[in-house]
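Visitor: Below is one structure. I have some questions about it.
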Amino acid sequence: MKSGIGAASTIPALLLTLLLLAVSVGNGFAQKYLPSEDFVKAAVVPEPIKLEWKISESFTLNATTVIVVSTNSSQQERAVAAWVKQGMYNLHGINPEIIVTDLVPEQNAIVVGVAESNPAFKDFVPSLSTQNFGSVREQGYVLSVSSRKAFLIGLGIPGLTYGAQTLLQLISMDNYIAQYVVPPVEIADFPSFAMRALLLPLRDYRFYAQMSDAKALIDVAEMLHMNTVIIQVDNAIKFDSVRGVARSSPLEKDTLRAVVKYARDAGLEVIPFVNTFSHQDVLLCPAYPNLCLDKSTYDPSNPKVYARLFGIIDEILEIFEPKYMHIGHDEIRALASIPQKKAAELFLSDIRKIHAHLKEKNVQMMMWAGMLLNAAQFPGQYNCNGALGGTYALIDSLPKDIILMDAHYRQSKADFPTVDYLLSKGFRVVGCVYNNPQVANNFSKYAAGKDGKFLGMAAALWGCFNYDGMATPRKNIRETAEAFWRGGIPAQDPTGEEIPPNLR
């Protein structure tokens with residue numbers, strides 16, 4: 001589903017399925033969220049931070065329902081209202097009229113707007129003036145539904161968009177009256193982290209036809225309030241500046257451009273990712289073995305490396321036009337077999353060269369944190385490889401504007417002191433998880449409330465081309481998106497005691 005301004009107004013079949021799975025079955029009413037492997041019981045995914053059920057009748061949607069925007073609403077606000085209208089029509093055949101007015105009808109109206117630009121709307125939702133919307137205020141929203149009308153008020157355009165997604169998920173069929181309804185709720189919602197990212201290894205997709213799968217995963221991530229996609233490229237495309245680097249049957253550049261545009265049209269930040277120094281078995285080393293220390297590590301002391309590497313980087317920047325670029329730079333095992341002083345020189349010089357090149361292009365650099373962490377200092381923590389060449393000792397020599405991604409995939413511990421360490425060194429940090437929902441939950445809980453230099457969380461879909469169909473990666477996204485939004489999945493309410501009797 002595209003929620004960005006100027007994006008397509010249709011809802012793909014995959015999203016139809018996702019939305020229908022996100023509302024309840026049985027009596028037709030949306031139910032309180034019950035965390036489980038079965039997401040059918042979820043009224044909203046991710047569950048709002050604050051949700052109160054009202055003891056009243058549901059809001060009935062019918063032929064006279066209207067969507068109201070104010071006379072001074074922005075083009076973006078009106079685009080969100082149009083998106084809600086299109087979603088209601090595509091999903092349920094409801095086609096409400098959009099009216100522009102500052103006089104809210106007494107009933108059967110859905111009011112859509114941003115609080116700051118619509119003070120008259122703000123008065124209808126008192127909780128807006130007192131509710132704390134966290135550190136990412138522009139991503140918060142209020143959804144207040146009574147039997148007569150509904151107010152969808154965003155603290156910014158992102159929040160208004162997330163509220164629209166929640167509203168669409170809440171619509172269900174009331175079998176008793178044979179009409180679609182929105183249950184009576186009071187929602188005040190906002191994310192725990194500014195960045196909630198999907199790491200999509202596009203290099204894993206072998207064929208053009210699989211790009212529809214990549215776009216479908218972007219759709220799911222967007223609908224579940226993720227706001228960033230990190231696309232790993234490596235040898236997925238044929239580069240003009242170097243020969244023999246691309247894999248067999250590479251993607252066309254225009255195919256990659258189309259995926260980037262698709263994600264950006266959805267309102268997502270799009271970040272390219274290409275491995276540097278290590279993992280060169282999928283980039284420089286097969287084509288240029290004379291430039292490499294071993295089959296998977298190039299030699300930073302050879303200036304010819306950068307003539308080719310920067311050519312690759314520049315082509316990727318031309319396609320993505322990004323604010324950020326992830327350069328990998330992890331698991332550099334070749335450093336363990338050379339003198340530590342030499343290893344330190346190679347590691348540091350490589351980072352500085354790439355950083356300077358990206359800074360000249362006005363692009364901020366991201367990299368893995370693993371080579372800056374010593375496993376002996378952090379027992380039980382995953383992905384601490386700084387003992388390879390002693391590179392962990394170089395952390396204070398790196399430019400502080402680098403964003404470090406701290407990856408924890410399979411650890412059993414619920415604390416993540418590596419985050420505190422990296423933050424104490426003055427870096428901005430992003431956490432990263434893989435396919436273990438408990439790790440995603442633990443990491444999100446631990447990191448929630450950290451200072452502003454902790455930017456957010458990312459979910460990697462490593463090996464996604466090996467999956468049998470799309471069910472597994474979609475499930476992974478749902479589980480991690482829930483944890484990322486809330487800062488950990490909430491406790492269960494298996495008895496349904498929190499649900500008003502008329503909605504059980």
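Each chain in the structure tokens gets a letter, A, B, ..., in the order shown, and its residues are numbered from 1; ligands are numbered from 1 in order too.
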Could you list, as a list of chain:residue names, every residue within 10 Å of Ala109 of chain A, counting only C-alpha atoms and ignoring same-chain residues fewer than 3 positions away?

Guide: A:Phe59, A:Leu61, A:Thr64, A:Thr65, A:Val66, A:Ile67, A:Val68, A:Pro96, A:Glu97, A:Ile98, A:Ile99, A:Val104, A:Pro105, A:Glu106, A:Val112, A:Arg148, A:Lys149, A:Ala150, A:Phe151

Visitor: For Tyr421 of chain A, find every residue with an atom within 12 Å (counting only C-alpha atoms), except residues of its own chain fewer than 5 positions away, and show them as a short mmCIF file (atom, residue, chain, number, x, y, z; two decimals) with C-alpha atoms, in the first residue's frame.

Guide:
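Contents of the output file part-v5.cif:
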data_model
loop_
_atom_site.label_atom_id
_atom_site.label_comp_id
_atom_site.auth_asym_id
_atom_site.auth_seq_id
_atom_site.Cartn_x
_atom_site.Cartn_y
_atom_site.Cartn_z
CA ALA A 369 29.81 -2.07 15.03
CA LEU A 372 34.76 -2.23 17.39
CA LEU A 373 33.58 -4.58 20.13
CA ASN A 374 35.78 -6.98 22.11
CA GLN A 377 34.68 -7.15 27.38
CA PHE A 378 31.12 -8.21 26.53
CA TYR A 392 38.27 -2.76 19.00
CA ILE A 395 36.97 3.09 18.31
CA ASP A 396 38.12 6.49 19.61
CA LEU A 404 27.10 2.30 14.07
CA ASP A 406 24.90 -3.04 16.57
CA PHE A 416 22.69 -5.34 25.51
CA GLY A 426 29.61 9.53 21.19
CA PHE A 427 28.23 7.58 18.23
CA ARG A 428 24.70 7.38 16.92
CA VAL A 429 23.54 3.76 17.11
CA PHE A 454 20.03 5.72 19.72
#

Visitor: Just the helix (DSSP H, G or I) stuff from segment 267-436 of chain A, please, per backbone DSSP, written as JSON, numbers by chain.

Guide: {"A": [280, 281, 282, 289, 290, 291, 304, 305, 306, 307, 308, 309, 310, 311, 312, 313, 314, 315, 316, 317, 318, 319, 320, 333, 334, 335, 336, 337, 340, 341, 342, 343, 344, 345, 346, 347, 348, 349, 350, 351, 352, 353, 354, 355, 356, 357, 358, 359, 360, 370, 371, 372, 388, 389, 390, 391, 392, 393, 394, 395, 396, 397, 417, 418, 419, 420, 421, 422, 423, 424]}

Visitor: Could you save the residues just selected, with C-alpha atoms, as a PDB file, in the first residue's frame?

Guide:
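The result, stored in part18.pdb:
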ATOM      1  CA  GLN A 280      34.380  -9.222  -1.142  1.00  0.00           C
ATOM      2  CA  ASP A 281      33.652 -12.697  -2.465  1.00  0.00           C
ATOM      3  CA  VAL A 282      30.453 -11.037  -3.688  1.00  0.00           C
ATOM      4  CA  PRO A 289      42.157 -11.265  -6.942  1.00  0.00           C
ATOM      5  CA  ASN A 290      45.402  -9.292  -7.223  1.00  0.00           C
ATOM      6  CA  LEU A 291      43.763  -6.523  -5.161  1.00  0.00           C
ATOM      7  CA  LYS A 304      43.796   0.599  -7.144  1.00  0.00           C
ATOM      8  CA  VAL A 305      41.174  -0.813  -4.764  1.00  0.00           C
ATOM      9  CA  TYR A 306      39.601   2.597  -4.310  1.00  0.00           C
ATOM     10  CA  ALA A 307      39.579   3.450  -8.009  1.00  0.00           C
ATOM     11  CA  ARG A 308      37.185   0.543  -8.390  1.00  0.00           C
ATOM     12  CA  LEU A 309      35.383   0.685  -5.048  1.00  0.00           C
ATOM     13  CA  PHE A 310      34.554   4.383  -5.347  1.00  0.00           C
ATOM     14  CA  GLY A 311      33.313   3.801  -8.875  1.00  0.00           C
ATOM     15  CA  ILE A 312      30.882   1.219  -7.504  1.00  0.00           C
ATOM     16  CA  ILE A 313      29.841   3.479  -4.635  1.00  0.00           C
ATOM     17  CA  ASP A 314      29.260   6.434  -6.948  1.00  0.00           C
ATOM     18  CA  GLU A 315      27.049   4.371  -9.237  1.00  0.00           C
ATOM     19  CA  ILE A 316      24.983   3.234  -6.262  1.00  0.00           C
ATOM     20  CA  LEU A 317      24.707   6.821  -4.998  1.00  0.00           C
ATOM     21  CA  GLU A 318      23.532   7.933  -8.432  1.00  0.00           C
ATOM     22  CA  ILE A 319      20.738   5.345  -8.348  1.00  0.00           C
ATOM     23  CA  PHE A 320      19.640   5.914  -4.729  1.00  0.00           C
ATOM     24  CA  ARG A 333      38.838 -12.332   9.428  1.00  0.00           C
ATOM     25  CA  ALA A 334      41.920 -11.704   7.267  1.00  0.00           C
ATOM     26  CA  LEU A 335      43.157  -9.194   9.871  1.00  0.00           C
ATOM     27  CA  ALA A 336      43.794 -12.014  12.355  1.00  0.00           C
ATOM     28  CA  SER A 337      46.596 -13.395  10.170  1.00  0.00           C
ATOM     29  CA  GLN A 340      48.244  -6.212  14.701  1.00  0.00           C
ATOM     30  CA  LYS A 341      49.856  -2.857  13.974  1.00  0.00           C
ATOM     31  CA  LYS A 342      49.444  -3.418  10.235  1.00  0.00           C
ATOM     32  CA  ALA A 343      45.877  -4.650  10.745  1.00  0.00           C
ATOM     33  CA  ALA A 344      45.014  -1.468  12.663  1.00  0.00           C
ATOM     34  CA  GLU A 345      46.501   0.723   9.923  1.00  0.00           C
ATOM     35  CA  LEU A 346      44.526  -1.042   7.190  1.00  0.00           C
ATOM     36  CA  PHE A 347      41.255  -0.969   9.127  1.00  0.00           C
ATOM     37  CA  LEU A 348      41.473   2.684  10.080  1.00  0.00           C
ATOM     38  CA  SER A 349      42.739   3.947   6.730  1.00  0.00           C
ATOM     39  CA  ASP A 350      39.950   2.133   4.889  1.00  0.00           C
ATOM     40  CA  ILE A 351      37.230   3.649   7.083  1.00  0.00           C
ATOM     41  CA  ARG A 352      38.697   7.135   6.783  1.00  0.00           C
ATOM     42  CA  LYS A 353      38.972   6.936   2.991  1.00  0.00           C
ATOM     43  CA  ILE A 354      35.402   5.747   2.533  1.00  0.00           C
ATOM     44  CA  HIS A 355      34.110   8.241   5.096  1.00  0.00           C
ATOM     45  CA  ALA A 356      35.864  11.125   3.340  1.00  0.00           C
ATOM     46  CA  HIS A 357      34.493  10.028  -0.039  1.00  0.00           C
ATOM     47  CA  LEU A 358      30.919   9.830   1.247  1.00  0.00           C
ATOM     48  CA  LYS A 359      31.222  13.106   3.137  1.00  0.00           C
ATOM     49  CA  GLU A 360      32.326  14.802  -0.063  1.00  0.00           C
ATOM     50  CA  GLY A 370      31.087  -5.634  15.466  1.00  0.00           C
ATOM     51  CA  MET A 371      34.747  -4.908  14.666  1.00  0.00           C
ATOM     52  CA  LEU A 372      34.765  -2.227  17.388  1.00  0.00           C
ATOM     53  CA  LEU A 388      40.387  -9.805  14.903  1.00  0.00           C
ATOM     54  CA  GLY A 389      43.432  -7.585  14.455  1.00  0.00           C
ATOM     55  CA  GLY A 390      42.695  -5.749  17.724  1.00  0.00           C
ATOM     56  CA  THR A 391      40.458  -3.270  15.907  1.00  0.00           C
ATOM     57  CA  TYR A 392      38.270  -2.760  18.999  1.00  0.00           C
ATOM     58  CA  ALA A 393      41.010  -0.449  20.317  1.00  0.00           C
ATOM     59  CA  LEU A 394      40.467   1.946  17.398  1.00  0.00           C
ATOM     60  CA  ILE A 395      36.969   3.095  18.309  1.00  0.00           C
ATOM     61  CA  ASP A 396      38.120   6.486  19.606  1.00  0.00           C
ATOM     62  CA  SER A 397      39.963   7.156  16.334  1.00  0.00           C
ATOM     63  CA  PRO A 417      25.551  -3.379  27.132  1.00  0.00           C
ATOM     64  CA  THR A 418      27.274  -2.938  23.781  1.00  0.00           C
ATOM     65  CA  VAL A 419      24.627  -0.290  23.042  1.00  0.00           C
ATOM     66  CA  ASP A 420      25.580   1.705  26.131  1.00  0.00           C
ATOM     67  CA  TYR A 421      29.254   1.399  25.266  1.00  0.00           C
ATOM     68  CA  LEU A 422      28.818   2.673  21.714  1.00  0.00           C
ATOM     69  CA  LEU A 423      26.612   5.542  22.893  1.00  0.00           C
ATOM     70  CA  SER A 424      29.160   6.464  25.578  1.00  0.00           C
TER      71      SER A 424
END

Visitor: Find, counting only C-alpha atoms, the residue in A:Ala164, A:Val259, A:Met226, A:Leu284 that gets nearest to Gly244 of chain A.

Guide: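 Closest residue, counting only C-alpha atoms: A:Leu284.
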
Visitor: Could you check the closest approach to Val136 of chain A for each of A:Leu268, A:Ala246, A:Leu455, A:Ile338 and tell me which residue wins, using only C-alpha atoms?

Guide: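 Answer, going by the shortest atom-to-atom distance: A:Leu455.
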
Visitor: Select, from A:Thr166, A:Gln381, A:Ser172, A:Asn275, the residue with the minimum atom-to-atom distance to Val45 of chain A, counting only C-alpha atoms.

Guide: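 Looking only at the distances to Val45 of chain A, the closest residue turns out to be A:Thr166.
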
Visitor: Using Å and a single decimal, report how far atom CA of Val84 of chain A sits from atom CA of Arg264 of chain A.

Guide: 19.2 Å

Visitor: Might you pull out every residue within 9 Å of Glu186 of chain A, with only C-alpha atoms counted and same-chain residues fewer than 3 positions away left off, and present them as a list in words?

Guide: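 So, after excluding close chain neighbours, the residues are Lys50, Leu51, Glu52, Trp53, Lys54, Val142, Leu143, Ser144, Val145 and Ser146 of chain A.
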
Visitor: Selection from above, C-alpha atoms, as a CSV table (one decimal), in the first residue's frame, can you write it?

Guide:
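Okay, this is what ended up in again36.csv:
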chain,number,residue,atom,x,y,z
A,50,LYS,CA,-2.5,3.6,24.6
A,51,LEU,CA,-5.8,2.0,23.7
A,52,GLU,CA,-9.0,2.3,25.6
A,53,TRP,CA,-12.3,0.7,24.6
A,54,LYS,CA,-15.3,2.9,25.0
A,142,VAL,CA,-4.8,10.2,18.2
A,143,LEU,CA,-7.7,8.2,16.9
A,144,SER,CA,-10.9,8.9,18.8
A,145,VAL,CA,-14.0,6.9,17.7
A,146,SER,CA,-17.5,7.3,19.1

Visitor: Measuring atom to atom with only C-alpha atoms, identify which of A:Thr297, A:Asn235, A:Asn227, A:Ser249 is nearest to Ala263 of chain A.

Guide: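 Residue with the minimum atom-to-atom distance to Ala263 of chain A: A:Asn227.
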
Visitor: Between A:Ala459, A:Leu160, A:Ile49, A:Leu91, single out the one closest to Arg78 of chain A, counting only C-alpha atoms.

Guide: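 Result for the nearest residue to Arg78 of chain A: A:Leu160.
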
Visitor: Could you tell me, as a PyMOL selection string, which residues of segment 325-455 of chain A DSSP assigns to strand (DSSP E) when given the backbone?

Guide: chain A and resi 325-328+364-368+403-407+428-433+454-455

Visitor: Go ahead and save the picked residues with N, CA and C atoms, as a CSV table (one decimal), in the first residue's frame.

Guide:
chain,number,residue,atom,x,y,z
A,325,MET,N,24.5,5.9,3.7
A,325,MET,CA,24.9,4.7,3.0
A,325,MET,C,25.5,3.8,4.1
A,326,HIS,N,25.1,2.5,4.0
A,326,HIS,CA,25.7,1.5,4.9
A,326,HIS,C,26.9,0.8,4.2
A,327,ILE,N,28.1,0.7,4.8
A,327,ILE,CA,29.2,0.2,4.1
A,327,ILE,C,29.6,-1.2,4.6
A,328,GLY,N,28.8,-1.8,5.4
A,328,GLY,CA,29.2,-3.1,5.9
A,328,GLY,C,30.4,-3.0,6.9
A,364,GLN,N,25.8,10.5,4.7
A,364,GLN,CA,26.3,10.1,6.0
A,364,GLN,C,26.6,8.6,6.0
A,365,MET,N,27.6,8.2,6.7
A,365,MET,CA,28.1,6.8,6.6
A,365,MET,C,27.5,6.0,7.8
A,366,MET,N,27.1,4.7,7.5
A,366,MET,CA,26.7,3.7,8.4
A,366,MET,C,27.6,2.5,8.3
A,367,MET,N,27.9,1.8,9.4
A,367,MET,CA,28.7,0.6,9.3
A,367,MET,C,28.3,-0.3,10.5
A,368,TRP,N,28.7,-1.6,10.4
A,368,TRP,CA,28.5,-2.5,11.5
A,368,TRP,C,29.4,-2.1,12.6
A,403,ILE,N,27.4,6.4,11.8
A,403,ILE,CA,26.3,5.7,12.5
A,403,ILE,C,26.7,4.2,12.6
A,404,LEU,N,26.7,3.7,13.8
A,404,LEU,CA,27.1,2.3,14.1
A,404,LEU,C,25.9,1.4,14.2
A,405,MET,N,25.8,0.3,13.5
A,405,MET,CA,24.7,-0.7,13.6
A,405,MET,C,25.2,-1.8,14.5
A,406,ASP,N,24.5,-2.0,15.6
A,406,ASP,CA,24.9,-3.0,16.6
A,406,ASP,C,24.0,-4.2,16.4
A,407,ALA,N,24.5,-5.3,15.8
A,407,ALA,CA,23.7,-6.5,15.4
A,407,ALA,C,23.8,-7.6,16.5
A,428,ARG,N,26.1,7.7,17.1
A,428,ARG,CA,24.7,7.4,16.9
A,428,ARG,C,24.6,5.9,16.6
A,429,VAL,N,23.6,5.2,17.2
A,429,VAL,CA,23.5,3.8,17.1
A,429,VAL,C,22.2,3.3,16.6
A,430,VAL,N,22.2,2.2,15.8
A,430,VAL,CA,21.0,1.5,15.4
A,430,VAL,C,21.1,0.1,15.8
A,431,GLY,N,20.2,-0.5,16.4
A,431,GLY,CA,20.2,-1.9,16.7
A,431,GLY,C,19.7,-2.7,15.5
A,432,CYS,N,20.2,-4.0,15.4
A,432,CYS,CA,19.8,-4.8,14.3
A,432,CYS,C,19.5,-6.3,14.8
A,433,VAL,N,18.4,-6.9,14.4
A,433,VAL,CA,18.1,-8.2,14.7
A,433,VAL,C,17.8,-9.0,13.5
A,454,PHE,N,20.5,7.0,20.2
A,454,PHE,CA,20.0,5.7,19.7
A,454,PHE,C,18.9,6.0,18.7
A,455,LEU,N,19.1,5.7,17.5
A,455,LEU,CA,18.2,6.1,16.4
A,455,LEU,C,17.1,5.2,16.2

Visitor: Excluding Val100 of chain A and any residue of its chain fewer than 5 positions from it, enumerate the residues within 7 Å of it, using only C-alpha atoms, and give them as a ChimeraX atom specification.

Guide: /A:68-71

Visitor: Using C-alpha atoms, can you write the selected residues to a file as a CSV table (one decimal), in the first residue's frame?

Guide:
chain,number,residue,atom,x,y,z
A,68,VAL,CA,-13.7,16.0,6.6
A,69,VAL,CA,-10.5,18.0,6.2
A,70,SER,CA,-10.2,21.7,7.2
A,71,THR,CA,-10.0,24.6,4.8

Visitor: Can you tell me, as a list of chain:residue names, what residues are no more than 8 Å from Leu217 of chain A when counting only C-alpha atoms, ignoring any on the same chain fewer than 4 positions away?

Guide: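 Contacts, in chain order: A:Asp213, A:Ala221, A:Pro473, A:Arg474.
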
Visitor: Quick one: of A:Met88, A:Val274, A:Ala81, A:Ile171, who's nearest to Leu152 of chain A, counting only C-alpha atoms?

Guide: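 Under the stated criterion, the closest residue is A:Ala81.
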
Visitor: Name all residues at most 10 Å from Leu200 of chain A (count only C-alpha atoms; drop same-chain ones fewer than 2 positions away) and give them as a list in words.

Guide: Ala197, Leu198, Leu202, Arg203, Asp204, Tyr205, Ala214, Leu217, Ile218, Val229, Ile230, Ile231, Gln232, Val233, Pro272, Phe273, Ala459, Ala460, Leu461, Trp462, Gly463 and Cys464 of chain A
